[in-house]
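Data file: upload-v2.tsv. Format and content: TSV, C-alpha atoms and all ligand atoms.
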```tsv
chain	number	residue	atom	x	y	z
G	1302	MET	CA	14.32	20.08	-10.27
G	1303	ASN	CA	16.57	17.35	-11.59
G	1304	PRO	CA	16.20	14.23	-9.38
G	1305	ASP	CA	19.83	14.23	-8.18
G	1306	ASN	CA	19.60	17.90	-7.21
G	1307	ALA	CA	16.34	17.25	-5.40
G	1308	ILE	CA	17.93	14.46	-3.32
G	1309	HIS	CA	20.94	16.66	-2.60
G	1310	SER	CA	18.74	19.56	-1.46
G	1311	ALA	CA	16.59	17.23	0.63
G	1312	ALA	CA	19.63	15.77	2.40
G	1313	ASN	CA	20.87	19.31	3.11
G	1314	LEU	CA	17.48	20.28	4.54
G	1315	LEU	CA	17.60	17.23	6.85
G	1316	ARG	CA	21.10	18.23	7.98
G	1317	ALA	CA	19.83	21.74	8.68
G	1318	GLY	CA	17.15	20.27	10.97
G	1319	ASP	CA	14.21	20.65	8.61
G	1320	THR	CA	11.60	18.05	7.55
G	1321	VAL	CA	11.40	16.27	4.19
G	1322	ALA	CA	8.47	14.14	2.99
G	1323	PHE	CA	9.63	11.22	0.86
G	1324	PRO	CA	8.10	8.23	-0.91
G	1325	THR	CA	8.51	4.66	0.30
G	1326	GLU	CA	7.03	1.49	-1.19
G	1327	THR	CA	4.32	1.52	1.52
G	1328	VAL	CA	3.21	5.14	2.08
G	1329	TYR	CA	4.91	8.57	2.12
G	1330	GLY	CA	6.92	9.39	5.24
G	1331	LEU	CA	7.53	12.73	6.96
G	1332	GLY	CA	11.26	12.54	7.62
G	1333	ALA	CA	13.63	14.27	10.01
G	1334	ASP	CA	17.16	13.64	11.28
G	1335	ALA	CA	16.65	10.89	13.89
G	1336	ALA	CA	19.47	12.36	15.97
G	1337	ASN	CA	18.19	15.96	16.08
G	1338	PRO	CA	15.59	16.69	18.80
G	1339	LEU	CA	14.50	20.01	17.27
G	1340	ALA	CA	13.94	18.41	13.88
G	1341	LEU	CA	11.89	15.61	15.50
G	1342	HIS	CA	9.82	18.23	17.29
G	1343	LYS	CA	8.87	19.66	13.88
G	1344	VAL	CA	7.58	16.25	12.79
G	1345	PHE	CA	5.27	15.95	15.79
G	1346	GLU	CA	4.11	19.52	15.32
G	1347	ALA	CA	3.39	19.17	11.59
G	1348	LYS	CA	1.40	15.97	12.17
G	1349	GLY	CA	-0.33	17.12	15.34
G	1350	ARG	CA	0.87	13.85	16.83
G	1351	PRO	CA	1.25	13.32	20.61
G	1352	THR	CA	4.98	13.30	21.43
G	1353	ASP	CA	4.86	10.01	23.35
G	1354	HIS	CA	4.08	8.08	20.15
G	1355	PRO	CA	7.31	6.53	18.85
G	1356	LEU	CA	8.66	6.91	15.30
G	1357	ILE	CA	10.23	4.42	12.89
G	1358	ILE	CA	13.88	5.10	12.03
G	1359	HIS	CA	14.57	4.46	8.35
G	1360	ILE	CA	18.05	3.21	7.48
G	1361	ALA	CA	19.84	2.62	4.15
G	1362	ASP	CA	20.70	-1.03	4.86
G	1363	SER	CA	20.97	-3.52	7.70
G	1364	SER	CA	24.59	-2.58	8.44
G	1365	HIS	CA	23.09	0.46	10.25
G	1366	LEU	CA	21.05	-1.74	12.61
G	1367	SER	CA	23.68	-1.78	15.33
G	1368	VAL	CA	23.93	2.03	15.29
G	1369	TRP	CA	20.38	2.27	16.65
G	1370	ALA	CA	19.73	-1.11	18.31
G	1371	GLN	CA	21.59	-3.49	20.63
G	1372	HIS	CA	21.24	-7.12	21.72
G	1373	ILE	CA	20.04	-7.79	18.19
G	1374	PRO	CA	18.73	-11.38	18.02
G	1375	ASP	CA	19.52	-13.78	15.15
G	1376	MET	CA	15.87	-13.58	14.12
G	1377	ALA	CA	16.37	-9.89	13.27
G	1378	TRP	CA	19.36	-10.56	10.99
G	1379	LYS	CA	17.44	-13.36	9.30
G	1380	LEU	CA	14.40	-11.18	8.64
G	1381	ALA	CA	16.57	-8.26	7.52
G	1382	ALA	CA	18.42	-10.50	5.05
G	1383	ALA	CA	15.17	-11.93	3.69
G	1384	PHE	CA	12.96	-8.84	3.50
G	1385	TRP	CA	14.99	-5.61	3.49
G	1386	PRO	CA	14.61	-3.41	1.62
G	1387	GLY	CA	10.90	-4.01	2.07
G	1388	PRO	CA	7.68	-3.37	4.02
G	1389	LEU	CA	8.84	-4.78	7.36
G	1390	THR	CA	9.57	-2.82	10.55
G	1391	LEU	CA	11.48	-4.50	13.38
G	1392	ILE	CA	11.14	-3.49	17.03
G	1393	LEU	CA	14.43	-4.07	18.85
G	1394	ARG	CA	16.19	-3.01	22.05
G	1395	ARG	CA	17.31	0.57	21.58
G	1396	HIS	CA	20.92	1.69	21.59
G	1397	GLU	CA	21.58	4.17	24.44
G	1398	GLN	CA	22.18	6.98	21.96
G	1399	VAL	CA	18.64	6.84	20.51
G	1400	LEU	CA	16.69	9.92	21.54
G	1401	ASN	CA	13.58	9.64	23.72
G	1402	ALA	CA	11.84	11.84	21.17
G	1403	VAL	CA	12.10	8.90	18.71
G	1404	THR	CA	11.20	6.06	21.05
G	1405	GLY	CA	8.53	7.86	23.06
G	1406	GLY	CA	10.71	7.12	26.10
G	1407	GLN	CA	10.47	3.34	25.61
G	1408	ASP	CA	13.50	1.06	25.76
G	1409	THR	CA	12.84	-0.20	22.23
G	1410	VAL	CA	13.29	1.25	18.76
G	1411	ALA	CA	11.53	0.66	15.42
G	1412	LEU	CA	13.75	0.21	12.33
G	1413	ARG	CA	13.22	-0.43	8.66
G	1414	VAL	CA	14.90	-0.25	5.24
G	1415	PRO	CA	12.35	1.07	2.73
G	1416	ASP	CA	12.18	-0.35	-0.80
G	1417	HIS	CA	11.98	2.79	-2.91
G	1418	PRO	CA	14.82	4.23	-5.03
G	1419	VAL	CA	14.09	7.80	-3.86
G	1420	ALA	CA	14.04	6.80	-0.19
G	1421	ILE	CA	17.27	4.82	-0.53
G	1422	ALA	CA	18.98	7.65	-2.47
G	1423	LEU	CA	17.94	10.10	0.26
G	1424	LEU	CA	19.16	7.80	3.06
G	1425	ARG	CA	22.51	7.35	1.30
G	1426	ALA	CA	22.93	11.06	0.63
G	1427	PHE	CA	22.01	11.90	4.23
G	1428	GLY	CA	24.22	9.14	5.62
G	1429	SER	CA	22.30	8.52	8.84
G	1430	GLY	CA	18.90	7.45	10.15
G	1431	ILE	CA	15.74	9.30	9.15
G	1432	ALA	CA	12.87	9.12	11.62
G	1433	ALA	CA	9.60	9.21	9.72
G	1434	PRO	CA	5.97	8.59	10.53
G	1435	SER	CA	3.45	8.47	7.70
G	1436	ALA	CA	3.14	11.99	6.25
G	1437	ASN	CA	-0.48	12.61	7.26
G	1438	ARG	CA	-2.04	14.60	10.05
G	1439	PHE	CA	-2.53	12.48	13.19
G	1440	GLY	CA	-5.38	10.00	12.94
G	1441	ARG	CA	-5.88	10.47	9.20
G	1442	VAL	CA	-5.39	8.11	6.30
G	1443	SER	CA	-1.74	7.75	5.16
G	1444	PRO	CA	-0.71	9.48	1.93
G	1445	THR	CA	0.24	7.31	-1.06
G	1446	SER	CA	1.18	10.14	-3.45
G	1447	ALA	CA	3.07	13.44	-3.24
G	1448	HIS	CA	-0.22	15.19	-3.97
G	1449	HIS	CA	-1.79	13.62	-0.85
G	1450	VAL	CA	1.14	14.87	1.25
G	1451	ARG	CA	0.60	18.39	-0.06
G	1452	GLU	CA	-3.09	18.15	0.83
G	1453	GLU	CA	-2.26	16.89	4.33
G	1454	LEU	CA	0.71	19.02	5.31
G	1455	GLY	CA	1.02	21.84	2.77
G	1456	THR	CA	3.60	24.35	3.93
G	1457	LYS	CA	4.24	22.53	7.21
G	1458	VAL	CA	6.92	20.43	5.51
G	1459	GLY	CA	10.32	21.69	4.30
G	1460	MET	CA	10.23	19.77	1.01
G	1461	ILE	CA	8.25	17.00	-0.65
G	1462	LEU	CA	10.10	14.48	-2.83
G	1463	ASP	CA	7.78	13.09	-5.49
G	1464	GLY	CA	8.27	9.38	-6.22
G	1465	GLY	CA	4.91	8.65	-7.81
G	1466	SER	CA	2.24	6.49	-6.26
G	1467	CYS	CA	3.33	3.98	-3.58
G	1468	ARG	CA	3.49	0.39	-4.83
G	1469	VAL	CA	2.23	-1.37	-1.66
G	1470	GLY	CA	-0.23	1.26	-0.44
G	1471	VAL	CA	-0.58	0.18	3.22
G	1472	GLU	CA	2.01	0.65	5.96
G	1473	SER	CA	4.77	-1.80	6.85
G	1474	THR	CA	4.21	-4.95	8.91
G	1475	ILE	CA	5.56	-4.34	12.43
G	1476	ILE	CA	7.19	-7.25	14.26
G	1477	SER	CA	8.55	-6.98	17.79
G	1478	LEU	CA	11.57	-9.17	18.57
G	1479	VAL	CA	12.34	-7.81	22.04
G	1480	HIS	CA	11.14	-10.83	24.03
G	1481	ASP	CA	12.92	-13.60	22.06
G	1482	LYS	CA	9.71	-14.25	20.20
G	1483	ALA	CA	8.27	-12.68	17.07
G	1484	VAL	CA	5.15	-10.72	17.95
G	1485	LEU	CA	2.97	-8.98	15.39
G	1486	LEU	CA	2.19	-5.37	16.36
G	1487	ARG	CA	0.66	-4.24	13.06
G	1488	PRO	CA	-0.28	-6.25	9.96
G	1489	GLY	CA	0.99	-4.56	6.83
G	1490	GLY	CA	2.61	-4.85	3.43
G	1491	LEU	CA	4.62	-7.99	4.20
G	1492	SER	CA	2.63	-11.19	4.69
G	1493	ILE	CA	2.74	-13.07	7.99
G	1494	ALA	CA	3.14	-16.34	6.09
G	1495	ALA	CA	6.38	-15.12	4.46
G	1496	ILE	CA	7.79	-14.13	7.87
G	1497	GLU	CA	6.80	-17.45	9.46
G	1498	ASP	CA	8.41	-19.34	6.57
G	1499	THR	CA	11.68	-17.51	7.08
G	1500	LEU	CA	11.72	-17.86	10.87
G	1501	LYS	CA	10.34	-21.40	10.80
G	1502	GLN	CA	8.12	-20.46	13.71
G	1503	LYS	CA	4.67	-19.04	14.33
G	1504	ILE	CA	4.24	-15.33	14.88
G	1505	ILE	CA	2.34	-14.34	18.02
G	1506	LEU	CA	-0.71	-12.30	17.12
G	1507	THR	CA	-1.26	-10.65	20.49
G	1508	GLN	CA	-2.88	-7.23	20.40
G	1509	ALA	CA	-0.27	-4.55	21.00
G	1510	ALA	CA	-2.72	-2.80	23.29
G	1511	GLU	CA	-2.63	-5.76	25.69
G	1512	GLN	CA	1.12	-5.45	25.93
G	1513	LYS	CA	0.82	-1.79	26.84
G	1514	ILE	CA	3.03	-0.80	23.94
G	1515	ARG	CA	2.07	2.52	22.45
G	1516	VAL	CA	1.21	1.98	18.82
G	1517	PRO	CA	-1.10	4.69	17.47
G	1518	GLY	CA	-1.89	2.39	14.58
G	1519	VAL	CA	-3.96	0.29	16.95
G	1520	LEU	CA	-6.08	3.11	18.32
G	1521	SER	CA	-9.58	2.74	16.97
G	1522	ALA	CA	-9.72	6.33	15.69
G	1523	HIS	CA	-6.87	5.59	13.30
G	1524	TYR	CA	-6.96	5.34	9.51
G	1525	ALA	CA	-10.22	7.23	9.66
G	1526	PRO	CA	-11.79	8.68	6.55
G	1527	ALA	CA	-14.00	11.70	7.29
G	1528	THR	CA	-17.04	10.02	5.69
G	1529	PRO	CA	-18.94	7.56	7.92
G	1530	MET	CA	-17.84	4.13	6.76
G	1531	GLU	CA	-19.45	0.75	7.34
G	1532	LEU	CA	-18.19	-2.76	6.60
G	1533	HIS	CA	-20.76	-5.34	5.52
G	1534	CYS	CA	-20.60	-8.83	4.12
G	1535	ALA	CA	-21.91	-9.19	0.58
G	1536	ASP	CA	-25.38	-10.33	1.68
G	1537	ALA	CA	-26.12	-7.29	3.83
G	1538	LEU	CA	-24.30	-4.74	1.70
G	1539	PHE	CA	-26.90	-3.94	-0.94
G	1540	GLN	CA	-29.80	-4.15	1.48
G	1541	ARG	CA	-28.15	-1.54	3.68
G	1542	ALA	CA	-27.33	0.64	0.66
G	1543	ARG	CA	-30.94	0.52	-0.58
G	1544	HIS	CA	-32.24	1.29	2.89
G	1545	LEU	CA	-29.99	4.34	3.28
G	1546	SER	CA	-30.58	5.72	-0.18
G	1547	ALA	CA	-34.36	5.31	0.29
G	1548	GLN	CA	-33.93	7.66	3.26
G	1549	GLY	CA	-32.34	10.22	0.98
G	1550	CYS	CA	-28.71	9.52	1.94
G	1551	LYS	CA	-25.94	9.86	-0.62
G	1552	VAL	CA	-24.25	6.45	-0.60
G	1553	VAL	CA	-21.36	4.80	-2.40
G	1554	VAL	CA	-20.74	1.06	-2.20
G	1555	LEU	CA	-17.15	-0.19	-2.51
G	1556	GLY	CA	-17.61	-3.77	-3.64
G	1557	LEU	CA	-15.22	-6.55	-4.54
G	1558	GLY	CA	-15.11	-6.78	-8.30
G	1559	ARG	CA	-18.08	-6.20	-10.56
G	1560	ALA	CA	-21.57	-6.41	-9.06
G	1561	SER	CA	-24.33	-8.42	-10.71
G	1562	GLU	CA	-26.93	-6.49	-12.73
G	1563	ASN	CA	-29.53	-7.63	-10.22
G	1564	ASP	CA	-27.79	-5.97	-7.34
G	1565	ILE	CA	-27.18	-2.63	-8.95
G	1566	SER	CA	-30.12	-1.96	-11.26
G	1567	ASP	CA	-32.46	0.85	-10.08
G	1568	ILE	CA	-30.50	1.33	-6.96
G	1569	GLY	CA	-30.16	5.02	-6.20
G	1570	PHE	CA	-26.56	4.62	-5.04
G	1571	ASP	CA	-23.20	4.36	-6.78
G	1572	TYR	CA	-21.27	1.14	-7.01
G	1573	PHE	CA	-17.48	1.30	-7.19
G	1574	PRO	CA	-15.69	-1.98	-7.98
G	1575	MET	CA	-12.50	-2.58	-5.97
G	1576	PRO	CA	-9.84	-5.09	-7.11
G	1577	GLU	CA	-10.36	-8.74	-6.20
G	1578	LEU	CA	-6.66	-9.26	-5.55
G	1579	ALA	CA	-5.53	-8.19	-2.06
G	1580	GLU	CA	-2.30	-6.54	-3.31
G	1581	ASP	CA	-4.15	-4.48	-5.91
G	1582	TYR	CA	-6.81	-3.54	-3.37
G	1583	ALA	CA	-4.19	-2.38	-0.85
G	1584	HIS	CA	-2.42	-0.36	-3.53
G	1585	MET	CA	-5.50	1.80	-4.15
G	1586	LEU	CA	-7.25	1.68	-0.76
G	1587	TYR	CA	-6.14	5.01	0.73
G	1588	ALA	CA	-6.39	6.93	-2.54
G	1589	THR	CA	-9.95	5.61	-2.93
G	1590	LEU	CA	-10.92	6.61	0.61
G	1591	ARG	CA	-9.54	10.10	-0.05
G	1592	GLN	CA	-11.39	10.35	-3.35
G	1593	PHE	CA	-14.72	9.53	-1.74
G	1594	ASP	CA	-14.02	11.75	1.26
G	1595	ARG	CA	-14.11	14.68	-1.13
G	1596	ALA	CA	-17.39	13.56	-2.70
G	1597	GLY	CA	-19.64	14.80	0.13
G	1598	LEU	CA	-21.15	11.37	0.83
G	1599	ASP	CA	-23.34	10.50	3.79
G	1600	TYR	CA	-22.10	6.90	3.84
G	1601	LEU	CA	-19.37	4.77	2.36
G	1602	LEU	CA	-20.39	1.11	2.51
G	1603	VAL	CA	-17.55	-1.36	2.03
G	1604	GLU	CA	-17.85	-5.04	1.22
G	1605	HIS	CA	-16.01	-7.19	3.76
G	1606	PRO	CA	-12.95	-8.76	2.11
G	1607	PRO	CA	-12.31	-12.52	2.37
G	1608	ASP	CA	-11.04	-13.90	5.69
G	1609	THR	CA	-7.73	-15.08	4.29
G	1610	TRP	CA	-4.12	-14.10	5.10
G	1611	PRO	CA	-3.43	-11.90	2.05
G	1612	TRP	CA	-6.30	-9.64	3.15
G	1613	PHE	CA	-5.11	-9.26	6.74
G	1614	ALA	CA	-3.69	-5.72	6.46
G	1615	VAL	CA	-6.51	-4.36	4.28
G	1616	LYS	CA	-9.13	-5.78	6.65
G	1617	ASP	CA	-7.33	-4.30	9.62
G	1618	ARG	CA	-7.37	-0.79	8.07
G	1619	LEU	CA	-10.99	-1.09	6.94
G	1620	ARG	CA	-12.10	-2.24	10.36
G	1621	ARG	CA	-10.39	0.69	12.07
G	1622	GLY	CA	-11.84	3.13	9.56
G	1623	ALA	CA	-15.31	1.73	10.21
G	1624	GLN	CA	-14.84	1.48	14.00
G	1625	SER	CA	-13.87	5.08	14.40
G	1626	ARG	CA	-17.47	6.08	13.84
W	1701	LIG	O1	5.22	1.79	6.20
W	1701	LIG	C1	5.47	2.42	7.22
W	1701	LIG	O2	5.75	1.87	8.29
W	1701	LIG	C2	5.44	3.96	7.11
W	1701	LIG	C3	6.57	4.41	6.20
W	1701	LIG	C4	6.66	5.91	6.12
W	1701	LIG	O3	7.76	3.85	6.62
W	1701	LIG	N1	5.56	4.55	8.40
W	1701	LIG	C5	4.55	4.54	9.31
W	1701	LIG	O4	4.87	5.28	10.46
W	1701	LIG	O5	3.51	3.95	9.16
W	1701	LIG	P1	3.77	5.64	11.56
W	1701	LIG	O6	4.49	6.49	12.56
W	1701	LIG	O7	2.59	6.21	10.93
W	1701	LIG	O8	3.50	4.26	12.20
W	1701	LIG	C6	4.58	3.61	12.84
W	1701	LIG	C7	4.10	2.74	13.93
W	1701	LIG	C8	3.35	3.51	14.97
W	1701	LIG	O9	2.14	2.85	15.19
W	1701	LIG	C9	4.29	3.48	16.16
W	1701	LIG	O10	3.61	3.53	17.38
W	1701	LIG	C10	5.00	2.18	15.96
W	1701	LIG	O11	5.23	2.16	14.58
W	1701	LIG	N2	6.26	2.18	16.69
W	1701	LIG	C11	7.32	2.98	16.51
W	1701	LIG	N3	8.28	2.71	17.42
W	1701	LIG	C12	7.81	1.72	18.19
W	1701	LIG	C13	8.33	1.00	19.31
W	1701	LIG	N4	9.52	1.27	19.81
W	1701	LIG	N5	7.54	0.05	19.86
W	1701	LIG	C14	6.32	-0.23	19.35
W	1701	LIG	N6	5.79	0.41	18.29
W	1701	LIG	C15	6.52	1.37	17.73
W	1702	MG	MG	0.71	6.69	10.49
```
Would you write the structure of this file as structure tokens?
Ligand code: TXA
Ligand code: MG
Amino acid sequence: MNPDNAIHSAANLLRAGDTVAFPTETVYGLGADAANPLALHKVFEAKGRPTDHPLIIHIADSSHLSVWAQHIPDMAWKLAAAFWPGPLTLILRRHEQVLNAVTGGQDTVALRVPDHPVAIALLRAFGSGIAAPSANRFGRVSPTSAHHVREELGTKVGMILDGGSCRVGVESTIISLVHDKAVLLRPGGLSIAAIEDTLKQKIILTQAAEQKIRVPGVLSAHYAPATPMELHCADALFQRARHLSAQGCKVVVLGLGRASENDISDIGFDYFPMPELAEDYAHMLYATLRQFDRAGLDYLLVEHPPDTWPWFAVKDRLRRGAQSR
């Protein structure tokens, strides 16, 4: 289908209360009309997601903020001006009109402007907010290509818009601004340092769980590949791999960059070099986990990335994937 026709059809499907999967710069979303309870119900059903888990409303630009939120603090306008469109989600006080199906019954709402031409064209054609979680089944790794969405949801989605592979590759950074402070609820595609620079203040890194805010992204079973996954620092990585393969286990090691000949000669396991730049690593993380999930491995051993800010989101996702076992 010609791209303009595809957008037109997708917008019509949304108006008719159906679901549309669409690309964003982070991951693919499973979209529905944010103001249509029956359409939202289809999203929860297709994902197998509990209905009390809130959804992000995607908007075409920040002029739509006041349609869905109220008592919007200056900080929000500043962040929107600096980073939208982009991988940042803001949690604000909800407008009364926002459906409980979107907010999970909370008095706050999540909003973001995605940075992808297909997503923006769809939002403009539709003309209103699109509620969209990542287009995967609940608890699974987010899709970063249209092919992944098809694998995850198949016929459970009205239409899939193909926008190629997602540039960022991990989900948006979620910042709550509801208590006059900026609180990080989920590390993601936008760096904390960039946000702090713009706000000229520190972001509070409290665990969302402690604040009793429902964020499925912080449940330990999230971002889980089906293959048992372990995170090890470089020293322990090859020792563990040798030990497991000596026991007859099929093992793949995801290392940072190329391994030395010493480490990988005569090893009995496969070594897969991941990028040494955090952005490149994030871009291919989920696709790589999917690829090895299909390989019938007993173990996926992952080298622990550096403890520096650019790796924050990747480390977070790896830790959850490893913890869920
Ligand atoms: O990059 C992304 O954010 C992608 C793309 C599609 O935009 N979306 C995404 O959606 O990751 P989802 O539903 O998989 O994760 C959104 C997170 C969830 O953990 C949800 O609990 C949280 O946002 N969230 C939504 N509304 C919230 C609210 N009012 N308060 C706190 N957390 C909220
Ligand atoms: Mg998700």
Give me the chain G side of the contact with ligand MG 1702 (chain W), cut-off 6 Å, one line per residue showing its nearest atom pair and distance in Å at one decimal, counting all atoms listed in the file, sorted by chain and residue number, as a Markdown table.
```
| residue | atom | partner | partner_atom | distance |
| --- | --- | --- | --- | --- |
| G:Pro1434 | CA | W:MG1702 | MG | 5.6 |
| G:Ser1435 | CA | W:MG1702 | MG | 4.3 |
| G:Ser1443 | CA | W:MG1702 | MG | 6.0 |
```
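Reported to one decimal place, the separation of CA of Lys1503 in chain G from CA of Ile1358 in chain G is 25.9 Å.
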Legend entry - Ile1476 in chain G surroundings by all atoms listed in the file, 9 Å radius, close-in-sequence under 5 positions cut, as number ranges by chain: G: 1389-1392, 1483-1488, 1504
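Look at everything within 6 Å of (12.2, 8.7, -6.9) using all atoms listed in the file, and the residues you get are Pro1418, Val1419 and Gly1464 of chain G.
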Inset, instruction - Quick one: pull the distance between CA of Ile1568 in chain G and CA of Ala1623 in chain G, Å, one decimal. - result: 22.9 Å
Inset, instruction - Work out how far CA of Asp1571 in chain G is from CA of Asp1599 in chain G, in Å to one decimal. - result: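 So the two atoms, CA of Asp1599 in chain G and CA of Asp1571 in chain G, lie 12.2 Å apart.
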Legend entry - Which residue of G:Leu1424, G:Ala1311, G:Ala1433, G:Ala1322 approaches ligand LIG 1701 (chain W) most closely, using only C-alpha atoms and all ligand atoms: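 Under the stated criterion, the closest residue is G:Ala1433.
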Inset, instruction - Write out as a list of chain:residue names which residues come within 10 Å of Val1615 in chain G when counting all atoms listed in the file, dropping same-chain ones fewer than 5 positions away. - result: G:Gly1470, G:Val1471, G:Pro1488, G:Gly1489, G:Gly1490, G:Ala1579, G:Glu1580, G:Tyr1582, G:Ala1583, G:His1584, G:Leu1586, G:His1605, G:Pro1606, G:Arg1620
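When all atoms listed in the file are used to measure the gap to ligand LIG 1701 (chain W), the shortest distance among G:Asp1608, G:Asp1498, G:Asp1416, G:Glu1397 belongs to G:Asp1416.
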Legend entry - Contact residues around Leu1619 in chain G with all atoms listed in the file at 10 Å, ignoring same-chain residues under 6 positions, as a PyMOL selection string: chain G and resi 1524-1526+1530-1532+1586-1587+1590+1603-1606
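Shortest separation to ligand LIG 1701 (chain W) among G:Arg1468, G:Lys1379, G:His1309, G:Arg1591 occurs at residue G:Arg1468, atoms counted being all atoms listed in the file.
Among the candidate residues G:Leu1578, G:Met1302, G:Ile1493, G:Leu1478, the one lying nearest to Ala1370 in chain G is G:Leu1478, with distances computed using all atoms listed in the file.
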Legend entry - Contacts of range 1340-1357 of chain G within 7 Å, all atoms listed in the file, excl. fewer than 6 positions in-chain, as number ranges by chain: G: 1318-1320, 1331, 1333-1334, 1402-1405, 1411-1412, 1432-1434, 1437-1439, 1454, 1457, 1515-1517
Go ahead and save the picked residues with C-alpha atoms, as a PDB file, in the coordinates of the input.
```
ATOM      1  CA  GLY G1318      17.150  20.270  10.970  1.00  0.00           C
ATOM      2  CA  ASP G1319      14.210  20.650   8.610  1.00  0.00           C
ATOM      3  CA  THR G1320      11.600  18.050   7.550  1.00  0.00           C
ATOM      4  CA  LEU G1331       7.530  12.730   6.960  1.00  0.00           C
ATOM      5  CA  ALA G1333      13.630  14.270  10.010  1.00  0.00           C
ATOM      6  CA  ASP G1334      17.160  13.640  11.280  1.00  0.00           C
ATOM      7  CA  ALA G1402      11.840  11.840  21.170  1.00  0.00           C
ATOM      8  CA  VAL G1403      12.100   8.900  18.710  1.00  0.00           C
ATOM      9  CA  THR G1404      11.200   6.060  21.050  1.00  0.00           C
ATOM     10  CA  GLY G1405       8.530   7.860  23.060  1.00  0.00           C
ATOM     11  CA  ALA G1411      11.530   0.660  15.420  1.00  0.00           C
ATOM     12  CA  LEU G1412      13.750   0.210  12.330  1.00  0.00           C
ATOM     13  CA  ALA G1432      12.870   9.120  11.620  1.00  0.00           C
ATOM     14  CA  ALA G1433       9.600   9.210   9.720  1.00  0.00           C
ATOM     15  CA  PRO G1434       5.970   8.590  10.530  1.00  0.00           C
ATOM     16  CA  ASN G1437      -0.480  12.610   7.260  1.00  0.00           C
ATOM     17  CA  ARG G1438      -2.040  14.600  10.050  1.00  0.00           C
ATOM     18  CA  PHE G1439      -2.530  12.480  13.190  1.00  0.00           C
ATOM     19  CA  LEU G1454       0.710  19.020   5.310  1.00  0.00           C
ATOM     20  CA  LYS G1457       4.240  22.530   7.210  1.00  0.00           C
ATOM     21  CA  ARG G1515       2.070   2.520  22.450  1.00  0.00           C
ATOM     22  CA  VAL G1516       1.210   1.980  18.820  1.00  0.00           C
ATOM     23  CA  PRO G1517      -1.100   4.690  17.470  1.00  0.00           C
TER      24      PRO G1517
END
```
Each side padded by 8 Å, which centre and which edge lengths in Å (one decimal) define the axis-aligned box around the listed atoms of ligand LIG 1701 (chain W)? Give them as lines of an AutoDock Vina configuration file.
```
center_x = 5.8
center_y = 3.1
center_z = 13.0
size_x = 23.4
size_y = 22.7
size_z = 29.7
```
Supply range 1575-1586 of chain G as an mmCIF file, in the frame of the given file, with N, CA and C atoms built in where the input has gaps.
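Saved to result-v1.cif:
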```cif
data_model
loop_
_atom_site.group_PDB
_atom_site.id
_atom_site.type_symbol
_atom_site.label_atom_id
_atom_site.label_comp_id
_atom_site.auth_asym_id
_atom_site.auth_seq_id
_atom_site.Cartn_x
_atom_site.Cartn_y
_atom_site.Cartn_z
ATOM 1 N N MET G 1575 -13.897 -2.542 -6.434
ATOM 2 C CA MET G 1575 -12.500 -2.580 -5.970
ATOM 3 C C MET G 1575 -11.870 -3.870 -6.484
ATOM 4 N N PRO G 1576 -10.522 -3.899 -6.581
ATOM 5 C CA PRO G 1576 -9.840 -5.090 -7.110
ATOM 6 C C PRO G 1576 -10.115 -6.330 -6.257
ATOM 7 N N GLU G 1577 -10.123 -7.491 -6.920
ATOM 8 C CA GLU G 1577 -10.360 -8.740 -6.200
ATOM 9 C C GLU G 1577 -9.077 -9.386 -5.691
ATOM 10 N N LEU G 1578 -7.947 -8.783 -6.062
ATOM 11 C CA LEU G 1578 -6.660 -9.260 -5.550
ATOM 12 C C LEU G 1578 -6.245 -8.355 -4.382
ATOM 13 N N ALA G 1579 -5.847 -8.973 -3.258
ATOM 14 C CA ALA G 1579 -5.530 -8.190 -2.060
ATOM 15 C C ALA G 1579 -4.456 -7.134 -2.320
ATOM 16 N N GLU G 1580 -3.408 -7.495 -3.075
ATOM 17 C CA GLU G 1580 -2.300 -6.540 -3.310
ATOM 18 C C GLU G 1580 -2.799 -5.334 -4.098
ATOM 19 N N ASP G 1581 -3.639 -5.589 -5.095
ATOM 20 C CA ASP G 1581 -4.150 -4.480 -5.910
ATOM 21 C C ASP G 1581 -5.097 -3.598 -5.092
ATOM 22 N N TYR G 1582 -5.863 -4.255 -4.238
ATOM 23 C CA TYR G 1582 -6.810 -3.540 -3.370
ATOM 24 C C TYR G 1582 -6.036 -2.617 -2.434
ATOM 25 N N ALA G 1583 -4.997 -3.168 -1.785
ATOM 26 C CA ALA G 1583 -4.190 -2.380 -0.850
ATOM 27 C C ALA G 1583 -3.573 -1.177 -1.562
ATOM 28 N N HIS G 1584 -3.091 -1.419 -2.775
ATOM 29 C CA HIS G 1584 -2.420 -0.360 -3.530
ATOM 30 C C HIS G 1584 -3.334 0.862 -3.695
ATOM 31 N N MET G 1585 -4.632 0.637 -3.885
ATOM 32 C CA MET G 1585 -5.500 1.800 -4.150
ATOM 33 C C MET G 1585 -6.433 2.162 -2.997
ATOM 34 N N LEU G 1586 -6.309 1.455 -1.873
ATOM 35 C CA LEU G 1586 -7.250 1.680 -0.760
ATOM 36 C C LEU G 1586 -7.287 3.133 -0.280
#
```
